[in-house]
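Undergrad: Mind having a look at this structure? Questions to follow.
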Amino acid sequence: MAAASFARTRRRVSEAAALLWPLLGACLWAAALGYKPVIIVHGLFDSSDDFKNLQRFINESHPGTNVTVIDLFDRGASLKPMWKQVEGFKAAIYPIMQNAADGVHFICYSQGGLVCRGILSTLPDHNVHSFISLSAPQAGQYGDTDYLKYLFPQFVKSNLYHLCYTAIGQRVSICNYWNDPHHRDLYVNSSDYLALINSERPNPNSTEWKENFLKIQKLVLIGGPDDGVITPWQSSQFGFYDDNETVIEIQHQDLYLRDVFGLKTLAARGDLFFCTVPGVEHVWWHSNETVFHTCIEKWLV
């Protein structure tokens, strides 16, 4: 009896070891290669469950990487004001940063890319190495998309400014970065979020925010012409419409030329990168393996 019991115990220990050794090995491998933790911030109407493919891509290419998809402001809650989301995500992310002596990486999708801009601007002791902006409306949004029809059925892009540029409208996240090129003055004076983090109107914090933002080591801007939601799609790379709805690319944008929050400095440092991928619709950026290998994988070291 004792011998049989000992054999069963030994077998269980062996089975447990067989399960644990690959995990331990992966962790040691990650430590040896210096993989930094990856923090993922989702977009409008998303939740953490939508990023399982991206998590899998990361763990297959960089075994043992600590990947955290922040589970906050899911689905309908993603419509809450952007500054409220910045503070919530910041509180959840900061402990991860504090436990990562070598820094962390951000992958921030869609609206989440703007949330991450707010975090990076207002957190003086962040340690973000690569900020990967995945199809995010960094220069704003102006388009008749399915999202717009769902959220504001009474409006089209040409008249949404009547709602967005009011105190009530600014309680809705999308209005915080709605950028109507035909009502530029209203946008600059009414936007509680994008106009501030872009320093498009006087902001007493602009110098400090620029210094904070420039603590990132790399900025990677990912987008593509078949996105179908980010409008214009070049907003994902800081391009945007002029008042004729002609797209002005980042290098000719005032916020770049005046280096108001650091884009030109990043470019001069050699730390600003663009990755344009055709054929990807907006909802598939984080699940597309080609996008991951082409645009994301090499920055996660």
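Residues in the structure tokens are named by chain (A, B, ... in the order shown) and by number from 1 within that chain; ligands are numbered from 1 in the order shown.
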To test your reading of the structure, identify every residue in stretch 117-265 of chain A that backbone DSSP assigns to strand (DSSP E), and report it as an mmCIF file with N, CA, C and O atoms, in the first residue's frame.
TA:
```
data_model
loop_
_atom_site.group_PDB
_atom_site.id
_atom_site.type_symbol
_atom_site.label_atom_id
_atom_site.label_comp_id
_atom_site.auth_asym_id
_atom_site.auth_seq_id
_atom_site.Cartn_x
_atom_site.Cartn_y
_atom_site.Cartn_z
ATOM 1 N N VAL A 128 7.137 54.176 -20.333
ATOM 2 C CA VAL A 128 6.720 53.531 -21.576
ATOM 3 C C VAL A 128 7.856 53.606 -22.589
ATOM 4 O O VAL A 128 8.367 54.690 -22.896
ATOM 5 N N HIS A 129 8.232 52.464 -23.101
ATOM 6 C CA HIS A 129 9.296 52.390 -24.110
ATOM 7 C C HIS A 129 8.694 52.600 -25.501
ATOM 8 O O HIS A 129 8.898 53.636 -26.116
ATOM 9 N N SER A 130 7.930 51.635 -25.993
ATOM 10 C CA SER A 130 7.267 51.765 -27.292
ATOM 11 C C SER A 130 5.796 52.106 -27.087
ATOM 12 O O SER A 130 5.088 51.397 -26.370
ATOM 13 N N PHE A 131 5.343 53.186 -27.703
ATOM 14 C CA PHE A 131 3.921 53.535 -27.741
ATOM 15 C C PHE A 131 3.435 53.192 -29.143
ATOM 16 O O PHE A 131 3.761 53.882 -30.107
ATOM 17 N N ILE A 132 2.688 52.103 -29.233
ATOM 18 C CA ILE A 132 2.186 51.620 -30.526
ATOM 19 C C ILE A 132 0.720 52.030 -30.638
ATOM 20 O O ILE A 132 -0.144 51.531 -29.922
ATOM 21 N N SER A 133 0.465 52.957 -31.535
ATOM 22 C CA SER A 133 -0.879 53.496 -31.755
ATOM 23 C C SER A 133 -1.500 52.740 -32.920
ATOM 24 O O SER A 133 -1.097 52.889 -34.073
ATOM 25 N N LEU A 134 -2.501 51.911 -32.610
ATOM 26 C CA LEU A 134 -3.064 50.984 -33.587
ATOM 27 C C LEU A 134 -4.387 51.533 -34.119
ATOM 28 O O LEU A 134 -5.425 51.442 -33.461
ATOM 29 N N LYS A 218 9.867 55.165 -28.445
ATOM 30 C CA LYS A 218 9.434 54.978 -29.831
ATOM 31 C C LYS A 218 7.946 55.300 -29.934
ATOM 32 O O LYS A 218 7.167 54.948 -29.043
ATOM 33 N N LEU A 219 7.552 55.942 -31.038
ATOM 34 C CA LEU A 219 6.146 56.133 -31.372
ATOM 35 C C LEU A 219 5.902 55.455 -32.713
ATOM 36 O O LEU A 219 6.528 55.814 -33.723
ATOM 37 N N VAL A 220 4.999 54.480 -32.722
ATOM 38 C CA VAL A 220 4.688 53.711 -33.928
ATOM 39 C C VAL A 220 3.232 53.979 -34.284
ATOM 40 O O VAL A 220 2.325 53.689 -33.506
ATOM 41 N N LEU A 221 3.010 54.534 -35.473
ATOM 42 C CA LEU A 221 1.674 54.930 -35.916
ATOM 43 C C LEU A 221 1.206 53.990 -37.017
ATOM 44 O O LEU A 221 1.770 53.979 -38.124
ATOM 45 N N ILE A 222 0.182 53.205 -36.712
ATOM 46 C CA ILE A 222 -0.295 52.156 -37.619
ATOM 47 C C ILE A 222 -1.686 52.517 -38.129
ATOM 48 O O ILE A 222 -2.572 52.902 -37.359
ATOM 49 N N GLY A 223 -1.895 52.382 -39.431
ATOM 50 C CA GLY A 223 -3.199 52.636 -40.033
ATOM 51 C C GLY A 223 -3.205 52.187 -41.479
ATOM 52 O O GLY A 223 -2.206 51.674 -41.995
ATOM 53 N N PHE A 240 -4.681 65.073 -41.448
ATOM 54 C CA PHE A 240 -6.085 65.442 -41.290
ATOM 55 C C PHE A 240 -6.519 66.381 -42.403
ATOM 56 O O PHE A 240 -5.711 66.873 -43.185
ATOM 57 N N TYR A 241 -7.857 66.599 -42.457
ATOM 58 C CA TYR A 241 -8.446 67.462 -43.470
ATOM 59 C C TYR A 241 -8.117 68.933 -43.232
ATOM 60 O O TYR A 241 -8.052 69.396 -42.084
ATOM 61 N N VAL A 247 -6.707 66.033 -47.485
ATOM 62 C CA VAL A 247 -5.877 65.531 -46.390
ATOM 63 C C VAL A 247 -4.487 66.170 -46.435
ATOM 64 O O VAL A 247 -3.803 66.149 -47.459
ATOM 65 N N ILE A 248 -4.107 66.747 -45.316
ATOM 66 C CA ILE A 248 -2.759 67.308 -45.139
ATOM 67 C C ILE A 248 -1.975 66.318 -44.283
ATOM 68 O O ILE A 248 -2.369 66.009 -43.161
#
```
Undergrad: Using only C-alpha atoms, which protein or nucleic acid residues come within 9 Å of stretch 79-84 of chain A? Drop anything in the same chain fewer than 6 positions from it, and give the result as a list in words.
TA: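 Surrounding residues, per the criterion: Leu44, Phe45, Phe73, Leu114, Val115, Gly118, Gln170, Arg171, Val172, Ser173, Ile174, Cys175, Asn176, Tyr177, Asp192 and Tyr193 of chain A.
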Undergrad: With only C-alpha atoms as the basis for distance, which of A:Gln111, A:Gln98, A:Thr65, A:Asn203 is at the shortest distance from A:Val41?
TA: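 Closest residue, counting only C-alpha atoms: A:Gln111.
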Undergrad: Which residue gives the smallest distance to A:Tyr35 among A:Tyr150, A:Trp299, A:Trp233, A:Tyr187, with only C-alpha atoms counted?
TA: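 Once distances to A:Tyr35 are computed over only C-alpha atoms, the minimum belongs to A:Trp299.
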Undergrad: Based on DSSP run over this structure's backbone, return all residues of stretch 68-219 of chain A in helix (DSSP H, G or I), as a short mmCIF file (atom, residue, chain, number, x, y, z; two decimals) with C-alpha atoms, in the first residue's frame.
TA:
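Listed below is the output, selection_29.cif:
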```cif
data_model
loop_
_atom_site.label_atom_id
_atom_site.label_comp_id
_atom_site.auth_asym_id
_atom_site.auth_seq_id
_atom_site.Cartn_x
_atom_site.Cartn_y
_atom_site.Cartn_z
CA ARG A 75 -18.62 48.47 -24.29
CA GLY A 76 -21.04 51.32 -23.50
CA ALA A 77 -18.83 52.65 -20.72
CA SER A 78 -16.29 53.58 -23.41
CA LEU A 79 -18.53 56.56 -24.20
CA MET A 82 -11.99 60.94 -22.21
CA TRP A 83 -10.40 62.55 -19.15
CA LYS A 84 -12.42 60.24 -16.91
CA GLN A 85 -11.10 57.28 -18.88
CA VAL A 86 -7.53 58.60 -18.74
CA GLU A 87 -7.68 58.77 -14.94
CA GLY A 88 -9.22 55.31 -14.64
CA PHE A 89 -6.77 53.62 -17.00
CA LYS A 90 -3.87 55.49 -15.42
CA ALA A 91 -4.76 54.18 -11.96
CA ALA A 92 -4.89 50.60 -13.29
CA ILE A 93 -1.69 50.88 -15.32
CA TYR A 94 0.57 52.69 -12.87
CA PRO A 95 1.18 49.68 -10.56
CA ILE A 96 2.26 47.63 -13.60
CA MET A 97 4.76 50.34 -14.50
CA GLN A 98 6.09 50.47 -10.94
CA GLN A 111 -10.03 55.46 -29.17
CA GLY A 112 -7.59 53.81 -26.75
CA GLY A 113 -4.76 55.46 -28.68
CA LEU A 114 -6.06 58.82 -27.55
CA VAL A 115 -6.54 57.57 -23.98
CA CYS A 116 -2.88 56.57 -23.98
CA ARG A 117 -1.87 60.00 -25.29
CA GLY A 118 -3.57 61.50 -22.24
CA ILE A 119 -1.80 59.11 -19.89
CA LEU A 120 1.61 59.75 -21.43
CA SER A 121 1.09 63.51 -21.33
CA THR A 122 -0.04 63.73 -17.73
CA ASP A 146 -21.67 53.29 -38.91
CA TYR A 147 -20.56 54.32 -35.42
CA LEU A 148 -21.84 57.83 -36.02
CA LYS A 149 -25.20 56.59 -37.34
CA TYR A 150 -25.59 54.31 -34.33
CA LEU A 151 -24.63 56.90 -31.73
CA TYR A 161 -20.79 70.04 -34.33
CA HIS A 162 -24.11 71.46 -33.09
CA LEU A 163 -24.07 68.72 -30.42
CA CYS A 164 -20.40 67.92 -29.95
CA GLY A 169 -21.72 66.88 -26.14
CA GLN A 170 -18.38 67.00 -24.39
CA ARG A 171 -19.69 64.41 -21.93
CA SER A 173 -16.02 60.46 -25.62
CA ILE A 174 -16.30 60.71 -29.40
CA CYS A 175 -17.21 64.40 -29.13
CA ASN A 176 -13.98 64.98 -27.18
CA ARG A 184 -12.17 75.00 -36.65
CA ASP A 185 -12.65 77.79 -34.13
CA LEU A 186 -15.53 75.96 -32.44
CA TYR A 187 -13.42 72.81 -32.20
CA VAL A 188 -10.41 74.61 -30.73
CA ASN A 189 -12.47 76.47 -28.15
CA SER A 190 -14.90 73.65 -27.27
CA LEU A 194 -8.04 66.62 -28.18
CA ALA A 195 -7.51 70.36 -28.57
CA LEU A 196 -5.80 70.32 -25.17
CA ILE A 197 -3.47 67.36 -25.63
CA SER A 206 1.59 72.21 -22.40
CA THR A 207 5.32 72.39 -21.64
CA GLU A 208 5.11 69.78 -18.89
CA TRP A 209 2.88 67.53 -21.01
CA LYS A 210 5.34 67.71 -23.88
CA GLU A 211 8.22 66.75 -21.60
CA ASN A 212 6.22 63.81 -20.26
CA PHE A 213 5.20 62.61 -23.71
#
```
Undergrad: With distances taken over only C-alpha atoms, which residue among A:Ile168, A:Val291, A:Ile230, A:Leu160 lies nearest A:Asn53?
TA: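 Closest residue, counting only C-alpha atoms: A:Val291.
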